[in-house]
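Here's the structure we're looking at; comments come further down.
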Amino acid sequence: MSKMVPLPSKSIVPERDVNKPPILETNHLGIDFGGLTAVDDLTLAVGRTEIAGLIGPNGAGKTTVFNLLTNVYQPTRGDIMLDGVSTSKKSTAQVNKMGIARTFQNIRLFGHMSVLDNVKVGLHNLTKENLAVCLTHLFGYRKTEKQANEQALEYLDFFGMADMANFPAGSLPYGAQRRLEIARALATKPSIILLDEPAAGMNPSETAELMNNIRRIRDNFQIAVMLIEHDMNLVMNICEGICVLDHGKVIAKGTPDEIKSNPTVIEAYLGKKNDKKVEAKEGETNAES
Amino acid sequence: MAGFANKYKRLKKSTRTNISAYGLVIILFVVALTMQSTGAISNSLSGQLVPICTYIVMALSLNLTVGFLGELSLGHAGFMSVGAFSGVIAAVSLQSSMGSGPLLLLVAMIIGGLFAGIAGLIIGIPVLRLRGDYLAIVTLAFGEIIKNIMNCLYVGVDMGGLHFSLKSVNDLGMENGKIIINGPQGAVGIPKLATLTAGFILILFALFIVLNLINSKTGRAVTAIRDNRIAAESVGIGVTKYKLTTFIISAVLAGMAGALYAMNFSTVAAKKFDFNTSILILVFVVLGGMGNIVGSIVATTILYMLPEILREFADYRMLLYAIVLIIVMIATNSEKAIQFRDSVMAKLSSKKRKSQNDSETKEAVNNE
């Protein structure tokens, strides 16, 4: 068992998770791209059934954090622990097998495959078919395929998409594509799912449905959810713990209420109160010189 | 009949592909067999039947790499070459102990496939780290390397076993041996065991492997990698493993086809399996439709026979061949052509429906 990282703030982990070790921890995580430090000194912990939010202005490094967590990028500093096990030196596929699933900011579906097959690809590592079975379609192929079909349909049904199972994934409307991506990620049986801007491009009623779905995911599968989102209404409504990033650094952590009233956060989003005056003055002096 | 058509439409897409692919091959085989036995086809075309079979298998296997894996391979003839020569070596050296029969052909094809598979593994490990144009260039180079190695390879067999040399026949150091591969002249004294039936069985085998693979966990993983590699990795698919598996299966099928091809002639030279052959197979795959199994079979059959059929036009036949290629490309890819085709199809189907309705109303009237 690894050394327990002190939780960022007692209140960030919901009551039910307090006495259990967190599912995901990062310890002084950082990455440099050449001379540019994209993420620095990121220490956070996500409870086993927590809905956590990662917010920050554009370019703060939020998606980079997701890419670090899924080992798309190897961190320059620090480490990541999933349920007490380090994920360093693992490939993206192996990290998924360990229990981290994700969706993408710009939807990445298998567009030419059917909706059902997309979820069946998600079930990949849970489908027991070796190469001999694949090539001959003997030795229990029908049984495993039937199982996979049923499981995939269950995930689709969870999002009310069972009737779309045979459509090509690329032909679905936008909202359904987002849901399908989440269904595919859930099919890998993760212990934490990372959602990268799940509400982007959605109207208020779709967002409300998404919020409901995120809660259902947590309650039904008993997993942690971590999401990047710009829709503050969504974040403040469903997240139990929020981490605010700016220029790759954590500037605040806490409950929605704490974040709402945090002056540093407000400054990062809206700028300083007298910024305008200062800028105006600088402009004048420049003009004079 | 209409009931059957409806049933066919209601089947799963994969089942429909399977039925039409197997059905097409069986029909083609029956047609070819009857024409051959009644002497309805010319001698030159009759000699092309086994090569057509092997090229169909080549197109099917390349379709696996190009259509489903989504990687452009320009050295597929290289695997055919490896399969052809290793198959011939096996056949000639085992001929005395096994006799010349279908069993020897089978053994030759299996050994050809095995060696091509090993070549696929050796090439695949470094090559599949590359993507797109780079992969295409490296596979092209591989094809050329194989051709050049085979071009200066001397193999002979005597009582002591197989002898290899890269210099000359004299360096083989054989006593009363038999030369199997004689450098630039290629393989000589091949037992001509290939038959149309063997080709037909090989096509069925290749179809069985390819269609099964596509409709399985591995096939889904491979298609997922083609559609979106990053997403495939994110759901726990080891990209390299599946790319390599597909590449090797593709190579094995090509090797088996190569062995069959070689056994159709008494001599086969290495320069037969050059860049042009690779491109020819690629043309079959692209014009048949990437990822389209039935398309590969149809395109190979038509395009391979076309130069033979056009033989009457003598000097102009390759020109006509090129024109046909261009027309097919336009007809299948140009937006306007597709619109035109769709409108024609719509008109036809509406006419059909109309006539059906008419006949139904007539029947109704008659009943009254």
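Each chain in the structure tokens gets a letter, A, B, ..., in the order shown, and its residues are numbered from 1; ligands are numbered from 1 in order too.
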List as CSV every residue of chain A that is in contact with chain B, defined as an atom at most 6 Å from one of its atoms (using only C-alpha atoms), together with the nearest atom pair and the distance in Å rounded to one decimal, sorted by chain and then rising number.
```
residue,atom,partner,partner_atom,distance
A:Thr92,CA,B:Glu233,CA,5.9
A:Ala93,CA,B:Gly236,CA,3.7
A:Asn96,CA,B:Gly236,CA,5.1
A:Lys97,CA,B:Gly236,CA,5.8
A:Arg108,CA,B:Ala231,CA,6.0
A:Phe110,CA,B:Asp227,CA,5.1
A:Gly122,CA,B:Val235,CA,5.5
A:Cys134,CA,B:Ser216,CA,5.2
A:Leu135,CA,B:Leu213,CA,5.2
```
Kindly export the residues of the current selection with C-alpha atoms, as a PDB file, in the first residue's frame.
```
ATOM      1  CA  THR A  92      -2.775   3.818 -22.564  1.00  0.00           C
ATOM      2  CA  ALA A  93      -4.397   0.449 -23.208  1.00  0.00           C
ATOM      3  CA  ASN A  96      -7.608   1.342 -19.307  1.00  0.00           C
ATOM      4  CA  LYS A  97      -7.355  -2.288 -18.233  1.00  0.00           C
ATOM      5  CA  ARG A 108     -13.811  10.038 -31.160  1.00  0.00           C
ATOM      6  CA  PHE A 110     -15.566   4.449 -34.619  1.00  0.00           C
ATOM      7  CA  GLY A 122     -15.505  -1.168 -25.386  1.00  0.00           C
ATOM      8  CA  CYS A 134     -11.974 -15.440 -34.081  1.00  0.00           C
ATOM      9  CA  LEU A 135     -10.672 -17.277 -37.155  1.00  0.00           C
TER      10      LEU A 135
END
```
**Message:** Taking the DSSP secondary structure from the backbone, can you list the residues of region 53-116 of chain A that are helix (DSSP H, G or I), as a list in words?
**Reply:**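 The residues of region 53-116 of chain A classed as helix (DSSP H, G or I) are Lys62, Thr63, Thr64, Val65, Phe66, Asn67, Leu68, Leu69, Thr92, Ala93, Gln94, Val95, Asn96, Lys97, Met98, Val115 and Leu116 of chain A.
Note that DSSP on the backbone gives strand (DSSP E) to these residues of region 51-267 of chain B: Tyr154, Val155, Gly156, Val157, Asp158, Gly161, Leu162, His163, Phe164, Ser165, Lys178, Ile179, Ile180, Ile181 and Asn182 of chain B.
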**Request:** Calculate how many Å separate CA of Val157 (chain B) from CA of Met98 (chain B), rounding to one decimal.
**Result:** 15.3 Å
Per-residue nearest contacts of region 180-258 of chain B to region 56-66 of chain B (9 Å; only C-alpha atoms) as a tab-separated table:
```
residue	atom	partner	partner_atom	distance
B:Gly199	CA	B:Val57	CA	8.9
B:Leu202	CA	B:Val57	CA	7.4
B:Ile203	CA	B:Val57	CA	5.7
B:Ala206	CA	B:Val57	CA	6.3
B:Leu207	CA	B:Leu60	CA	7.4
B:Val210	CA	B:Leu64	CA	7.2
B:Ile214	CA	B:Leu64	CA	8.7
B:Lys243	CA	B:Thr65	CA	8.6
B:Thr246	CA	B:Thr65	CA	6.8
B:Phe247	CA	B:Thr65	CA	6.2
B:Ile249	CA	B:Ser61	CA	7.8
B:Ser250	CA	B:Ser61	CA	4.7
B:Ala251	CA	B:Ser61	CA	7.3
B:Val252	CA	B:Ser61	CA	8.5
B:Leu253	CA	B:Ser61	CA	6.0
B:Ala254	CA	B:Met58	CA	5.4
B:Gly255	CA	B:Met58	CA	8.8
B:Met256	CA	B:Val57	CA	8.7
B:Ala257	CA	B:Val57	CA	6.2
B:Gly258	CA	B:Met58	CA	8.4
```
**Asked** If we count only C-alpha atoms, what is near Asp41 (chain A) at a cut-off of 6 Å, once residues fewer than 3 positions away on the same chain are taken out, given as a count of residues only?
**Response** 3
**Non-local contacts of region 163-180 of chain A (8 Å; only C-alpha atoms; under 2 positions in same chain excluded) as a list in words** = Ile107, Leu109, Phe110, Gly111, His112, Met113, Ser114, Val115, Leu116, Asn118, Val119, Leu153, Leu156, Phe159, Gly160, Met161, Ile182, Ala183, Arg184, Pro198, Met202 and Glu206 of chain A
Take the selection from the previous step and output its residues with C-alpha atoms, as a compact mmCIF listing (two decimals), in the first residue's frame.
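Saved as part_16.txt:
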```
# COMPACT_ATOMS: atom_id res chain seq x y z
CA ILE A 107 -15.84 13.06 -30.11
CA LEU A 109 -16.19 7.28 -32.19
CA PHE A 110 -15.57 4.45 -34.62
CA GLY A 111 -17.68 6.18 -37.22
CA HIS A 112 -17.95 3.37 -39.77
CA MET A 113 -18.99 0.78 -37.22
CA SER A 114 -22.49 0.28 -35.87
CA VAL A 115 -23.54 1.73 -32.53
CA LEU A 116 -23.64 -1.77 -31.05
CA ASN A 118 -18.79 0.58 -30.82
CA VAL A 119 -19.89 -0.63 -27.40
CA LEU A 153 -27.35 -3.65 -25.41
CA LEU A 156 -27.07 1.21 -24.71
CA PHE A 159 -28.67 5.64 -22.11
CA GLY A 160 -31.95 4.93 -23.89
CA MET A 161 -30.19 4.11 -27.16
CA ILE A 182 -19.73 7.46 -22.52
CA ALA A 183 -21.42 4.07 -22.99
CA ARG A 184 -18.33 2.75 -24.77
CA PRO A 198 -19.40 16.20 -21.89
CA MET A 202 -25.51 20.90 -25.77
CA GLU A 206 -29.74 18.13 -23.09
```
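One distance worth recording is that between CA of Gly288 (chain B) and CA of Thr300 (chain B), which is 7.7 Å.
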**Long-range neighbours of Glu240 (chain A) as an NGL selection string, 6 Å cut-off, only C-alpha atoms, 3 positions minimum in chain** = :A and (51-52 or 255)
**Asked** Interatomic distance between CA of Asp231 (chain A) and CA of Arg218 (chain A)?
**Response**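 One can read the CA of Asp231 (chain A) to CA of Arg218 (chain A) distance as 19.6 Å.
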**Neighbour list for region 56-65 of chain A as a VMD selection string, cut-off 8 Å, only C-alpha atoms, skip fewer than 3 positions in-chain** = chain A and resid 38 to 39 68 to 69 196 228 230 244 to 249 268 to 269
What does the file look like for those residues with C-alpha atoms, as a compact mmCIF listing (two decimals), in the first residue's frame?
```txt
# COMPACT_ATOMS: atom_id res chain seq x y z
CA ALA A 38 1.88 22.66 -19.14
CA VAL A 39 0.96 21.19 -15.77
CA LEU A 68 -1.47 12.40 -18.21
CA LEU A 69 -3.95 10.32 -16.23
CA ASP A 196 -13.78 15.71 -21.22
CA ILE A 228 -13.80 18.83 -17.33
CA HIS A 230 -17.05 24.98 -18.87
CA VAL A 244 -9.49 24.81 -10.40
CA LEU A 245 -6.49 24.99 -12.73
CA ASP A 246 -4.93 28.09 -14.19
CA HIS A 247 -1.75 28.13 -16.25
CA GLY A 248 -1.14 24.50 -15.29
CA LYS A 249 -1.27 25.14 -11.56
CA ALA A 268 -8.61 33.83 -12.85
CA TYR A 269 -11.90 33.81 -14.71
```
**Asked** Counting only C-alpha atoms, which of A:Glu209, A:Glu197, A:Glu150, A:Asp83 gets nearest to Phe66 (chain A)?
**Response** A:Glu197
